[in-house]
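Peer 1: What follows is the file final23.pdb, containing PDB, C-alpha atoms:
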ATOM      1  CA  MET A   1      67.417 113.768 154.525  1.00  0.00           C
ATOM      2  CA  SER A   2      66.929 110.362 152.919  1.00  0.00           C
ATOM      3  CA  SER A   3      63.273 110.867 152.141  1.00  0.00           C
ATOM      4  CA  PHE A   4      60.970 112.097 149.399  1.00  0.00           C
ATOM      5  CA  ALA A   5      60.407 115.774 148.704  1.00  0.00           C
ATOM      6  CA  THR A   6      56.775 116.821 148.599  1.00  0.00           C
ATOM      7  CA  THR A   7      56.545 119.034 145.553  1.00  0.00           C
ATOM      8  CA  ALA A   8      53.400 120.473 143.981  1.00  0.00           C
ATOM      9  CA  GLU A   9      52.454 120.251 140.310  1.00  0.00           C
ATOM     10  CA  PRO A  10      55.148 121.186 137.761  1.00  0.00           C
ATOM     11  CA  PRO A  11      56.558 123.429 136.495  1.00  0.00           C
ATOM     12  CA  TYR A  12      59.280 124.096 139.074  1.00  0.00           C
ATOM     13  CA  TYR A  13      63.059 123.871 139.080  1.00  0.00           C
ATOM     14  CA  ALA A  14      65.523 121.172 140.127  1.00  0.00           C
ATOM     15  CA  VAL A  15      69.204 121.574 140.955  1.00  0.00           C
ATOM     16  CA  ILE A  16      70.879 118.215 140.321  1.00  0.00           C
ATOM     17  CA  PHE A  17      74.131 118.042 142.291  1.00  0.00           C
ATOM     18  CA  THR A  18      76.252 114.952 141.627  1.00  0.00           C
ATOM     19  CA  SER A  19      79.428 114.599 143.675  1.00  0.00           C
ATOM     20  CA  ARG A  20      82.224 112.372 144.830  1.00  0.00           C
ATOM     21  CA  ARG A  21      83.349 113.100 148.388  1.00  0.00           C
ATOM     22  CA  THR A  22      86.892 113.141 149.695  1.00  0.00           C
ATOM     23  CA  GLU A  23      87.751 110.703 152.535  1.00  0.00           C
ATOM     24  CA  GLY A  24      86.640 111.507 156.101  1.00  0.00           C
ATOM     25  CA  ASP A  25      84.075 113.944 157.428  1.00  0.00           C
ATOM     26  CA  ALA A  26      86.141 117.113 158.140  1.00  0.00           C
ATOM     27  CA  GLY A  27      83.051 119.048 159.246  1.00  0.00           C
ATOM     28  CA  TYR A  28      81.040 118.057 156.195  1.00  0.00           C
ATOM     29  CA  GLY A  29      78.076 116.479 158.023  1.00  0.00           C
ATOM     30  CA  GLU A  30      77.568 119.450 160.290  1.00  0.00           C
ATOM     31  CA  THR A  31      77.739 121.923 157.394  1.00  0.00           C
ATOM     32  CA  ALA A  32      75.396 119.827 155.229  1.00  0.00           C
ATOM     33  CA  ALA A  33      72.773 119.854 157.993  1.00  0.00           C
ATOM     34  CA  ARG A  34      73.213 123.624 158.462  1.00  0.00           C
ATOM     35  CA  MET A  35      72.869 124.224 154.704  1.00  0.00           C
ATOM     36  CA  GLU A  36      69.624 122.251 154.609  1.00  0.00           C
ATOM     37  CA  GLU A  37      68.304 124.305 157.537  1.00  0.00           C
ATOM     38  CA  LEU A  38      69.250 127.559 155.762  1.00  0.00           C
ATOM     39  CA  ALA A  39      67.936 126.504 152.343  1.00  0.00           C
ATOM     40  CA  ARG A  40      64.559 125.755 153.930  1.00  0.00           C
ATOM     41  CA  GLN A  41      64.303 129.434 154.874  1.00  0.00           C
ATOM     42  CA  VAL A  42      64.801 130.727 151.314  1.00  0.00           C
ATOM     43  CA  PRO A  43      61.454 131.745 149.765  1.00  0.00           C
ATOM     44  CA  GLY A  44      60.744 129.358 146.890  1.00  0.00           C
ATOM     45  CA  TYR A  45      62.528 126.363 148.449  1.00  0.00           C
ATOM     46  CA  LEU A  46      60.382 123.270 147.787  1.00  0.00           C
ATOM     47  CA  GLY A  47      62.396 120.325 149.096  1.00  0.00           C
ATOM     48  CA  ILE A  48      65.492 118.159 148.817  1.00  0.00           C
ATOM     49  CA  GLU A  49      66.293 114.508 148.097  1.00  0.00           C
ATOM     50  CA  SER A  50      69.694 113.000 148.657  1.00  0.00           C
ATOM     51  CA  ALA A  51      71.528 109.664 148.641  1.00  0.00           C
ATOM     52  CA  ARG A  52      75.200 108.785 148.927  1.00  0.00           C
ATOM     53  CA  ALA A  53      76.626 105.313 148.370  1.00  0.00           C
ATOM     54  CA  ALA A  54      79.348 103.821 150.580  1.00  0.00           C
ATOM     55  CA  ASP A  55      81.975 104.599 147.904  1.00  0.00           C
ATOM     56  CA  GLY A  56      81.441 108.377 148.326  1.00  0.00           C
ATOM     57  CA  PHE A  57      79.462 108.955 145.140  1.00  0.00           C
ATOM     58  CA  GLY A  58      76.225 110.827 145.794  1.00  0.00           C
ATOM     59  CA  LEU A  59      73.297 112.695 144.278  1.00  0.00           C
ATOM     60  CA  THR A  60      71.395 115.563 145.846  1.00  0.00           C
ATOM     61  CA  VAL A  61      68.448 117.143 144.067  1.00  0.00           C
ATOM     62  CA  SER A  62      66.906 120.288 145.512  1.00  0.00           C
ATOM     63  CA  TYR A  63      63.638 121.726 144.208  1.00  0.00           C
ATOM     64  CA  TRP A  64      62.795 125.398 143.793  1.00  0.00           C
ATOM     65  CA  ALA A  65      59.809 127.468 142.682  1.00  0.00           C
ATOM     66  CA  SER A  66      61.856 129.723 140.403  1.00  0.00           C
ATOM     67  CA  GLU A  67      65.298 130.463 139.016  1.00  0.00           C
ATOM     68  CA  SER A  68      65.484 133.570 141.184  1.00  0.00           C
ATOM     69  CA  ALA A  69      65.056 131.414 144.316  1.00  0.00           C
ATOM     70  CA  ILE A  70      68.003 129.269 143.119  1.00  0.00           C
ATOM     71  CA  ALA A  71      70.073 132.404 142.505  1.00  0.00           C
ATOM     72  CA  GLU A  72      69.249 133.737 145.956  1.00  0.00           C
ATOM     73  CA  TRP A  73      70.331 130.483 147.597  1.00  0.00           C
ATOM     74  CA  ARG A  74      73.508 130.325 145.537  1.00  0.00           C
ATOM     75  CA  ARG A  75      74.484 133.820 146.770  1.00  0.00           C
ATOM     76  CA  HIS A  76      73.588 133.242 150.470  1.00  0.00           C
ATOM     77  CA  ILE A  77      76.662 134.285 152.443  1.00  0.00           C
ATOM     78  CA  GLU A  78      76.996 131.108 154.531  1.00  0.00           C
ATOM     79  CA  HIS A  79      76.328 129.006 151.447  1.00  0.00           C
ATOM     80  CA  VAL A  80      79.045 130.831 149.492  1.00  0.00           C
ATOM     81  CA  ALA A  81      81.508 130.004 152.292  1.00  0.00           C
ATOM     82  CA  ALA A  82      80.365 126.359 152.294  1.00  0.00           C
ATOM     83  CA  GLN A  83      80.712 126.152 148.496  1.00  0.00           C
ATOM     84  CA  SER A  84      84.266 127.398 148.760  1.00  0.00           C
ATOM     85  CA  ARG A  85      85.120 124.895 151.488  1.00  0.00           C
ATOM     86  CA  GLY A  86      83.415 122.191 149.429  1.00  0.00           C
ATOM     87  CA  ARG A  87      85.673 122.849 146.464  1.00  0.00           C
ATOM     88  CA  ARG A  88      88.785 122.858 148.674  1.00  0.00           C
ATOM     89  CA  GLU A  89      88.024 120.060 151.129  1.00  0.00           C
ATOM     90  CA  TRP A  90      84.893 117.979 150.712  1.00  0.00           C
ATOM     91  CA  TYR A  91      84.500 117.149 147.028  1.00  0.00           C
ATOM     92  CA  ARG A  92      86.877 115.467 144.651  1.00  0.00           C
ATOM     93  CA  HIS A  93      84.563 116.452 141.843  1.00  0.00           C
ATOM     94  CA  TYR A  94      80.995 117.625 141.333  1.00  0.00           C
ATOM     95  CA  GLU A  95      78.569 118.426 138.531  1.00  0.00           C
ATOM     96  CA  VAL A  96      75.671 120.863 138.891  1.00  0.00           C
ATOM     97  CA  ARG A  97      72.746 120.888 136.477  1.00  0.00           C
ATOM     98  CA  ILE A  98      69.847 123.314 136.669  1.00  0.00           C
ATOM     99  CA  ALA A  99      66.682 121.894 135.131  1.00  0.00           C
ATOM    100  CA  LYS A 100      63.045 122.828 134.745  1.00  0.00           C
ATOM    101  CA  VAL A 101      60.725 120.028 135.867  1.00  0.00           C
ATOM    102  CA  GLU A 102      57.968 119.698 133.297  1.00  0.00           C
ATOM    103  CA  ARG A 103      56.134 116.492 134.289  1.00  0.00           C
ATOM    104  CA  ALA A 104      56.004 114.216 137.313  1.00  0.00           C
ATOM    105  CA  TYR A 105      54.338 110.984 138.391  1.00  0.00           C
ATOM    106  CA  THR A 106      54.640 108.535 141.260  1.00  0.00           C
ATOM    107  CA  GLY A 107      54.765 104.801 141.917  1.00  0.00           C
ATOM    108  CA  PRO A 108      53.314 102.572 144.697  1.00  0.00           C
ATOM    109  CA  ALA A 109      51.553 104.524 147.415  1.00  0.00           C
ATOM    110  CA  THR A 110      53.621 103.499 150.442  1.00  0.00           C
ATOM    111  CA  ARG A 111      56.265 105.982 151.436  1.00  0.00           C
TER     112      ARG A 111
ATOM    113  CA  MET B 112      77.153 102.899 137.793  1.00  0.00           C
ATOM    114  CA  SER B 113      78.400 105.133 140.603  1.00  0.00           C
ATOM    115  CA  SER B 114      80.169 107.605 138.358  1.00  0.00           C
ATOM    116  CA  PHE B 115      79.591 110.865 136.520  1.00  0.00           C
ATOM    117  CA  ALA B 116      77.691 111.030 133.249  1.00  0.00           C
ATOM    118  CA  THR B 117      79.498 112.839 130.466  1.00  0.00           C
ATOM    119  CA  THR B 118      76.877 115.087 128.962  1.00  0.00           C
ATOM    120  CA  ALA B 119      77.393 117.777 126.319  1.00  0.00           C
ATOM    121  CA  GLU B 120      76.178 121.367 126.555  1.00  0.00           C
ATOM    122  CA  PRO B 121      72.540 121.915 127.596  1.00  0.00           C
ATOM    123  CA  PRO B 122      69.764 121.815 126.655  1.00  0.00           C
ATOM    124  CA  TYR B 123      68.971 118.128 127.168  1.00  0.00           C
ATOM    125  CA  TYR B 124      66.560 116.201 129.373  1.00  0.00           C
ATOM    126  CA  ALA B 125      66.883 114.535 132.774  1.00  0.00           C
ATOM    127  CA  VAL B 126      64.661 111.856 134.274  1.00  0.00           C
ATOM    128  CA  ILE B 127      64.961 112.134 138.059  1.00  0.00           C
ATOM    129  CA  PHE B 128      63.941 108.823 139.637  1.00  0.00           C
ATOM    130  CA  THR B 129      63.788 108.834 143.447  1.00  0.00           C
ATOM    131  CA  SER B 130      62.936 105.542 145.109  1.00  0.00           C
ATOM    132  CA  ARG B 131      62.848 103.523 148.285  1.00  0.00           C
ATOM    133  CA  ARG B 132      63.615  99.840 147.735  1.00  0.00           C
ATOM    134  CA  THR B 133      61.948  96.893 149.399  1.00  0.00           C
ATOM    135  CA  GLU B 134      64.141  94.544 151.460  1.00  0.00           C
ATOM    136  CA  GLY B 135      66.351  91.994 149.674  1.00  0.00           C
ATOM    137  CA  ASP B 136      67.522  91.776 146.070  1.00  0.00           C
ATOM    138  CA  ALA B 137      64.855  89.536 144.434  1.00  0.00           C
ATOM    139  CA  GLY B 138      66.513  89.865 141.010  1.00  0.00           C
ATOM    140  CA  TYR B 139      66.744  93.649 141.215  1.00  0.00           C
ATOM    141  CA  GLY B 140      70.513  93.964 140.672  1.00  0.00           C
ATOM    142  CA  GLU B 141      70.506  91.792 137.587  1.00  0.00           C
ATOM    143  CA  THR B 142      67.560  93.648 136.054  1.00  0.00           C
ATOM    144  CA  ALA B 143      69.058  97.060 136.870  1.00  0.00           C
ATOM    145  CA  ALA B 144      72.270  96.124 135.031  1.00  0.00           C
ATOM    146  CA  ARG B 145      70.263  94.816 132.072  1.00  0.00           C
ATOM    147  CA  MET B 146      68.166  98.018 131.945  1.00  0.00           C
ATOM    148  CA  GLU B 147      71.306 100.146 131.876  1.00  0.00           C
ATOM    149  CA  GLU B 148      72.665  98.025 129.025  1.00  0.00           C
ATOM    150  CA  LEU B 149      69.403  98.410 127.074  1.00  0.00           C
ATOM    151  CA  ALA B 150      69.011 102.146 127.768  1.00  0.00           C
ATOM    152  CA  ARG B 151      72.495 102.723 126.369  1.00  0.00           C
ATOM    153  CA  GLN B 152      71.251 101.391 123.020  1.00  0.00           C
ATOM    154  CA  VAL B 153      68.350 103.848 122.740  1.00  0.00           C
ATOM    155  CA  PRO B 154      69.210 106.705 120.351  1.00  0.00           C
ATOM    156  CA  GLY B 155      69.413 109.900 122.381  1.00  0.00           C
ATOM    157  CA  TYR B 156      70.601 108.236 125.610  1.00  0.00           C
ATOM    158  CA  LEU B 157      73.289 110.462 127.143  1.00  0.00           C
ATOM    159  CA  GLY B 158      74.192 108.850 130.460  1.00  0.00           C
ATOM    160  CA  ILE B 159      73.104 107.869 133.958  1.00  0.00           C
ATOM    161  CA  GLU B 160      74.091 108.730 137.531  1.00  0.00           C
ATOM    162  CA  SER B 161      72.909 106.764 140.519  1.00  0.00           C
ATOM    163  CA  ALA B 162      73.418 106.431 144.275  1.00  0.00           C
ATOM    164  CA  ARG B 163      71.584 104.438 146.920  1.00  0.00           C
ATOM    165  CA  ALA B 164      72.140 104.782 150.651  1.00  0.00           C
ATOM    166  CA  ALA B 165      72.288 101.802 152.991  1.00  0.00           C
ATOM    167  CA  ASP B 166      68.694 102.510 154.165  1.00  0.00           C
ATOM    168  CA  GLY B 167      67.327 101.751 150.678  1.00  0.00           C
ATOM    169  CA  PHE B 168      66.645 105.334 149.602  1.00  0.00           C
ATOM    170  CA  GLY B 169      68.175 106.144 146.227  1.00  0.00           C
ATOM    171  CA  LEU B 170      68.334 108.588 143.346  1.00  0.00           C
ATOM    172  CA  THR B 171      68.936 107.747 139.709  1.00  0.00           C
ATOM    173  CA  VAL B 172      69.136 110.480 137.090  1.00  0.00           C
ATOM    174  CA  SER B 173      69.279 109.503 133.430  1.00  0.00           C
ATOM    175  CA  TYR B 174      70.023 112.029 130.696  1.00  0.00           C
ATOM    176  CA  TRP B 175      68.446 112.142 127.249  1.00  0.00           C
ATOM    177  CA  ALA B 176      68.777 114.240 124.109  1.00  0.00           C
ATOM    178  CA  SER B 177      65.019 114.653 123.643  1.00  0.00           C
ATOM    179  CA  GLU B 178      61.605 113.883 125.070  1.00  0.00           C
ATOM    180  CA  SER B 179      61.023 111.402 122.245  1.00  0.00           C
ATOM    181  CA  ALA B 180      64.098 109.434 123.360  1.00  0.00           C
ATOM    182  CA  ILE B 181      62.615 109.277 126.886  1.00  0.00           C
ATOM    183  CA  ALA B 182      59.270 108.131 125.469  1.00  0.00           C
ATOM    184  CA  GLU B 183      60.968 105.442 123.391  1.00  0.00           C
ATOM    185  CA  TRP B 184      62.798 104.107 126.436  1.00  0.00           C
ATOM    186  CA  ARG B 185      59.666 104.191 128.564  1.00  0.00           C
ATOM    187  CA  ARG B 186      57.882 101.997 125.978  1.00  0.00           C
ATOM    188  CA  HIS B 187      60.757  99.518 125.462  1.00  0.00           C
ATOM    189  CA  ILE B 188      59.214  96.063 125.898  1.00  0.00           C
ATOM    190  CA  GLU B 189      61.755  94.745 128.429  1.00  0.00           C
ATOM    191  CA  HIS B 190      61.639  98.040 130.296  1.00  0.00           C
ATOM    192  CA  VAL B 191      57.844  97.917 130.508  1.00  0.00           C
ATOM    193  CA  ALA B 192      58.125  94.452 132.094  1.00  0.00           C
ATOM    194  CA  ALA B 193      60.785  95.720 134.520  1.00  0.00           C
ATOM    195  CA  GLN B 194      58.633  98.749 135.450  1.00  0.00           C
ATOM    196  CA  SER B 195      55.743  96.429 136.255  1.00  0.00           C
ATOM    197  CA  ARG B 196      57.951  94.182 138.392  1.00  0.00           C
ATOM    198  CA  GLY B 197      59.404  97.287 140.044  1.00  0.00           C
ATOM    199  CA  ARG B 198      55.965  98.456 141.149  1.00  0.00           C
ATOM    200  CA  ARG B 199      55.069  94.975 142.454  1.00  0.00           C
ATOM    201  CA  GLU B 200      58.338  93.840 144.021  1.00  0.00           C
ATOM    202  CA  TRP B 201      61.290  96.224 144.147  1.00  0.00           C
ATOM    203  CA  TYR B 202      60.014  99.636 145.181  1.00  0.00           C
ATOM    204  CA  ARG B 203      58.021 100.671 148.209  1.00  0.00           C
ATOM    205  CA  HIS B 204      57.560 104.053 146.571  1.00  0.00           C
ATOM    206  CA  TYR B 205      59.057 106.109 143.773  1.00  0.00           C
ATOM    207  CA  GLU B 206      58.775 109.569 142.237  1.00  0.00           C
ATOM    208  CA  VAL B 207      59.619 110.340 138.615  1.00  0.00           C
ATOM    209  CA  ARG B 208      60.282 113.866 137.403  1.00  0.00           C
ATOM    210  CA  ILE B 209      61.048 114.785 133.801  1.00  0.00           C
ATOM    211  CA  ALA B 210      63.070 117.969 133.544  1.00  0.00           C
ATOM    212  CA  LYS B 211      64.808 120.018 130.878  1.00  0.00           C
ATOM    213  CA  VAL B 212      68.418 120.795 131.813  1.00  0.00           C
ATOM    214  CA  GLU B 213      69.060 124.442 130.998  1.00  0.00           C
ATOM    215  CA  ARG B 214      72.495 125.155 132.553  1.00  0.00           C
ATOM    216  CA  ALA B 215      75.379 123.117 133.923  1.00  0.00           C
ATOM    217  CA  TYR B 216      78.744 123.670 135.572  1.00  0.00           C
ATOM    218  CA  THR B 217      81.343 121.565 137.347  1.00  0.00           C
ATOM    219  CA  GLY B 218      83.574 121.642 140.411  1.00  0.00           C
ATOM    220  CA  PRO B 219      87.172 120.525 141.088  1.00  0.00           C
ATOM    221  CA  ALA B 220      88.804 118.813 138.124  1.00  0.00           C
ATOM    222  CA  THR B 221      89.561 115.395 139.631  1.00  0.00           C
ATOM    223  CA  ARG B 222      87.019 112.696 138.843  1.00  0.00           C
TER     224      ARG B 222
END
Let me see whether you can do it: turn the structure in this file into structure tokens.

Peer 2:
Amino acid sequence: MSSFATTAEPPYYAVIFTSRRTEGDAGYGETAARMEELARQVPGYLGIESARAADGFGLTVSYWASESAIAEWRRHIEHVAAQSRGRREWYRHYEVRIAKVERAYTGPATR
Amino acid sequence: MSSFATTAEPPYYAVIFTSRRTEGDAGYGETAARMEELARQVPGYLGIESARAADGFGLTVSYWASESAIAEWRRHIEHVAAQSRGRREWYRHYEVRIAKVERAYTGPATR
């Protein structure tokens, strides 16, 4: 992760996932990588951007072509299992916000 | 920063700011704190969530009651100066997406 998502012109959807992790990895890194690999295969997946600070607080925003693509990903069987483990083991707390991106612009050209 | 924003029920707006910083501070930390202080005073400001990884890639999402509140903040004189300095000095690249939050839910109760 740790790079910019290449999204086309709005409108499209964003899932804003804000979280505070528990201590230690406990399989989190491996599952996060697997989830990204699986999400990429869902039709309508547009990209993901993510950053976590050293104190365990992080933001992940994934981008989707439609609400039905988001719903499909949310119901994916491996993702459902990961969500459950996330609630039990990996996250102290999280907030999920589903938003429709209406406008976008960029800053200096260098990536 | 580095904590959850307390937002009311949707709908409201989110400004998703994804960025990669240049090396070094160069006054960035001080200005970022000042911008947060000023944003808080804009009517319609709802909160901010932010995380930056050690490699300089970061996400900041600010929440607003309306598009006019976002427009007011974007035009704030000190913020305009900070945006200009950001393009010249602090950011290698950034992406800004303005989105309307339609639904929200939360995970485990502990914050």

Peer 1: If you apply the PyMOL selection byres ((chain B) within 10 of (chain A)) to this file, what residues do you get, as number ranges by chain?

Peer 2: B: 112-117, 121-131, 160-172, 194, 197-199, 202-222

Peer 1: What does chain A look like once superposed on chain B, all Cα atoms paired in sequence order, least squares? Give it as a JSON list (two decimals) with C-alpha atoms, keeping the file's coordinate frame.

Peer 2:
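Output file selection.json follows:
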[["chain", "number", "residue", "atom", "x", "y", "z"],
["A", 1, "MET", "CA", 77.16, 102.92, 137.79],
["A", 2, "SER", "CA", 78.41, 105.14, 140.61],
["A", 3, "SER", "CA", 80.17, 107.60, 138.36],
["A", 4, "PHE", "CA", 79.60, 110.86, 136.52],
["A", 5, "ALA", "CA", 77.69, 111.06, 133.26],
["A", 6, "THR", "CA", 79.51, 112.85, 130.47],
["A", 7, "THR", "CA", 76.89, 115.10, 128.96],
["A", 8, "ALA", "CA", 77.40, 117.79, 126.32],
["A", 9, "GLU", "CA", 76.19, 121.38, 126.55],
["A", 10, "PRO", "CA", 72.55, 121.93, 127.59],
["A", 11, "PRO", "CA", 69.76, 121.83, 126.66],
["A", 12, "TYR", "CA", 68.97, 118.14, 127.17],
["A", 13, "TYR", "CA", 66.57, 116.21, 129.36],
["A", 14, "ALA", "CA", 66.90, 114.54, 132.77],
["A", 15, "VAL", "CA", 64.67, 111.86, 134.27],
["A", 16, "ILE", "CA", 64.97, 112.13, 138.05],
["A", 17, "PHE", "CA", 63.94, 108.82, 139.63],
["A", 18, "THR", "CA", 63.78, 108.84, 143.43],
["A", 19, "SER", "CA", 62.94, 105.54, 145.11],
["A", 20, "ARG", "CA", 62.85, 103.52, 148.28],
["A", 21, "ARG", "CA", 63.62, 99.84, 147.74],
["A", 22, "THR", "CA", 61.93, 96.89, 149.40],
["A", 23, "GLU", "CA", 64.14, 94.53, 151.46],
["A", 24, "GLY", "CA", 66.36, 91.99, 149.66],
["A", 25, "ASP", "CA", 67.51, 91.77, 146.07],
["A", 26, "ALA", "CA", 64.85, 89.52, 144.42],
["A", 27, "GLY", "CA", 66.49, 89.86, 141.00],
["A", 28, "TYR", "CA", 66.73, 93.63, 141.21],
["A", 29, "GLY", "CA", 70.50, 93.94, 140.68],
["A", 30, "GLU", "CA", 70.50, 91.78, 137.59],
["A", 31, "THR", "CA", 67.55, 93.65, 136.05],
["A", 32, "ALA", "CA", 69.05, 97.06, 136.88],
["A", 33, "ALA", "CA", 72.26, 96.12, 135.05],
["A", 34, "ARG", "CA", 70.25, 94.81, 132.07],
["A", 35, "MET", "CA", 68.17, 98.01, 131.95],
["A", 36, "GLU", "CA", 71.31, 100.14, 131.88],
["A", 37, "GLU", "CA", 72.68, 98.01, 129.03],
["A", 38, "LEU", "CA", 69.40, 98.40, 127.08],
["A", 39, "ALA", "CA", 69.01, 102.13, 127.78],
["A", 40, "ARG", "CA", 72.50, 102.71, 126.37],
["A", 41, "GLN", "CA", 71.25, 101.38, 123.02],
["A", 42, "VAL", "CA", 68.35, 103.85, 122.74],
["A", 43, "PRO", "CA", 69.23, 106.70, 120.35],
["A", 44, "GLY", "CA", 69.41, 109.90, 122.39],
["A", 45, "TYR", "CA", 70.62, 108.22, 125.60],
["A", 46, "LEU", "CA", 73.31, 110.46, 127.14],
["A", 47, "GLY", "CA", 74.20, 108.86, 130.47],
["A", 48, "ILE", "CA", 73.11, 107.87, 133.96],
["A", 49, "GLU", "CA", 74.10, 108.72, 137.54],
["A", 50, "SER", "CA", 72.92, 106.76, 140.52],
["A", 51, "ALA", "CA", 73.42, 106.43, 144.28],
["A", 52, "ARG", "CA", 71.59, 104.43, 146.92],
["A", 53, "ALA", "CA", 72.15, 104.79, 150.66],
["A", 54, "ALA", "CA", 72.29, 101.80, 153.02],
["A", 55, "ASP", "CA", 68.71, 102.52, 154.17],
["A", 56, "GLY", "CA", 67.32, 101.75, 150.67],
["A", 57, "PHE", "CA", 66.64, 105.33, 149.61],
["A", 58, "GLY", "CA", 68.17, 106.13, 146.23],
["A", 59, "LEU", "CA", 68.34, 108.58, 143.35],
["A", 60, "THR", "CA", 68.95, 107.74, 139.71],
["A", 61, "VAL", "CA", 69.14, 110.47, 137.09],
["A", 62, "SER", "CA", 69.30, 109.50, 133.43],
["A", 63, "TYR", "CA", 70.04, 112.03, 130.69],
["A", 64, "TRP", "CA", 68.46, 112.14, 127.25],
["A", 65, "ALA", "CA", 68.78, 114.24, 124.10],
["A", 66, "SER", "CA", 65.03, 114.66, 123.65],
["A", 67, "GLU", "CA", 61.61, 113.88, 125.07],
["A", 68, "SER", "CA", 61.02, 111.41, 122.26],
["A", 69, "ALA", "CA", 64.10, 109.42, 123.36],
["A", 70, "ILE", "CA", 62.61, 109.27, 126.89],
["A", 71, "ALA", "CA", 59.27, 108.13, 125.47],
["A", 72, "GLU", "CA", 60.96, 105.44, 123.41],
["A", 73, "TRP", "CA", 62.81, 104.10, 126.45],
["A", 74, "ARG", "CA", 59.68, 104.19, 128.58],
["A", 75, "ARG", "CA", 57.86, 102.01, 126.00],
["A", 76, "HIS", "CA", 60.73, 99.51, 125.45],
["A", 77, "ILE", "CA", 59.19, 96.07, 125.92],
["A", 78, "GLU", "CA", 61.73, 94.74, 128.43],
["A", 79, "HIS", "CA", 61.63, 98.04, 130.29],
["A", 80, "VAL", "CA", 57.83, 97.91, 130.51],
["A", 81, "ALA", "CA", 58.11, 94.45, 132.09],
["A", 82, "ALA", "CA", 60.77, 95.71, 134.52],
["A", 83, "GLN", "CA", 58.63, 98.73, 135.44],
["A", 84, "SER", "CA", 55.75, 96.43, 136.26],
["A", 85, "ARG", "CA", 57.94, 94.17, 138.39],
["A", 86, "GLY", "CA", 59.39, 97.27, 140.04],
["A", 87, "ARG", "CA", 55.96, 98.44, 141.14],
["A", 88, "ARG", "CA", 55.06, 94.98, 142.46],
["A", 89, "GLU", "CA", 58.33, 93.84, 144.02],
["A", 90, "TRP", "CA", 61.28, 96.20, 144.15],
["A", 91, "TYR", "CA", 60.01, 99.63, 145.18],
["A", 92, "ARG", "CA", 58.04, 100.68, 148.21],
["A", 93, "HIS", "CA", 57.57, 104.04, 146.57],
["A", 94, "TYR", "CA", 59.07, 106.12, 143.77],
["A", 95, "GLU", "CA", 58.78, 109.57, 142.24],
["A", 96, "VAL", "CA", 59.63, 110.33, 138.61],
["A", 97, "ARG", "CA", 60.28, 113.87, 137.39],
["A", 98, "ILE", "CA", 61.05, 114.78, 133.80],
["A", 99, "ALA", "CA", 63.09, 117.97, 133.53],
["A", 100, "LYS", "CA", 64.82, 120.02, 130.88],
["A", 101, "VAL", "CA", 68.42, 120.81, 131.81],
["A", 102, "GLU", "CA", 69.06, 124.45, 131.00],
["A", 103, "ARG", "CA", 72.49, 125.17, 132.55],
["A", 104, "ALA", "CA", 75.37, 123.13, 133.92],
["A", 105, "TYR", "CA", 78.74, 123.70, 135.57],
["A", 106, "THR", "CA", 81.34, 121.60, 137.34],
["A", 107, "GLY", "CA", 83.56, 121.67, 140.42],
["A", 108, "PRO", "CA", 87.17, 120.52, 141.09],
["A", 109, "ALA", "CA", 88.77, 118.82, 138.12],
["A", 110, "THR", "CA", 89.54, 115.40, 139.62],
["A", 111, "ARG", "CA", 87.01, 112.74, 138.81]]

Peer 1: Dump as a list in words all residues having an atom at most 12 Å from (67.1, 92.3, 144.1), computed in the file's coordinates with only C-alpha atoms.

Peer 2: Arg132, Thr133, Glu134, Gly135, Asp136, Ala137, Gly138, Tyr139, Gly140, Glu141, Thr142, Ala143, Ala144, Gly167, Ala193, Arg196, Gly197, Glu200, Trp201 and Tyr202 of chain B

Peer 1: Could you give me the centre and size, in Å to one decimal, of an axis-aligned box around all listed atoms of range 11-30 of chain A with 3 Å added on every side, as AutoDock Vina command-line options?

Peer 2:
--center_x 72.2 --center_y 117.4 --center_z 148.4 --size_x 37.2 --size_y 19.4 --size_z 29.8

Peer 1: Determine, counting all atoms listed in the file, which protein, DNA and RNA residues have an atom within 9 Å of an atom of Trp73 in chain A; residues of the same chain fewer than 6 positions away are not included. Present the result as a list in words.

Peer 2: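 Here the qualifying residues turn out to be Leu38, Ala39, Val42, Tyr45, His79 and Val80 of chain A.
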
Peer 1: Those residues with C-alpha atoms, as a compact mmCIF listing (two decimals), in the coordinates of the input please?

Peer 2:
# COMPACT_ATOMS: atom_id res chain seq x y z
CA LEU A 38 69.25 127.56 155.76
CA ALA A 39 67.94 126.50 152.34
CA VAL A 42 64.80 130.73 151.31
CA TYR A 45 62.53 126.36 148.45
CA HIS A 79 76.33 129.01 151.45
CA VAL A 80 79.04 130.83 149.49

Peer 1: Kindly give the distance, in Å, that separates CA of Glu148 in chain B and CA of Ser177 in chain B, rounded to a single decimal.

Peer 2: 19.1 Å

Peer 1: Report the distance between CA of Thr7 in chain A and CA of Arg74 in chain A in Å, rounded to one decimal place.

Peer 2: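 Computed distance, CA of Thr7 in chain A to CA of Arg74 in chain A, equals 20.4 Å.
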
Peer 1: Kindly give the distance, in Å, that separates CA of Ala182 in chain B and CA of Met146 in chain B, rounded to a single decimal.

Peer 2: 14.9 Å

Peer 1: Counting all atoms listed in the file, figure out which residue out of A:Arg34, A:Tyr63, A:Glu9, A:Arg75 gets nearest to Leu46 in chain A.

Peer 2: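 Once distances to Leu46 in chain A are computed over all atoms listed in the file, the minimum belongs to A:Tyr63.
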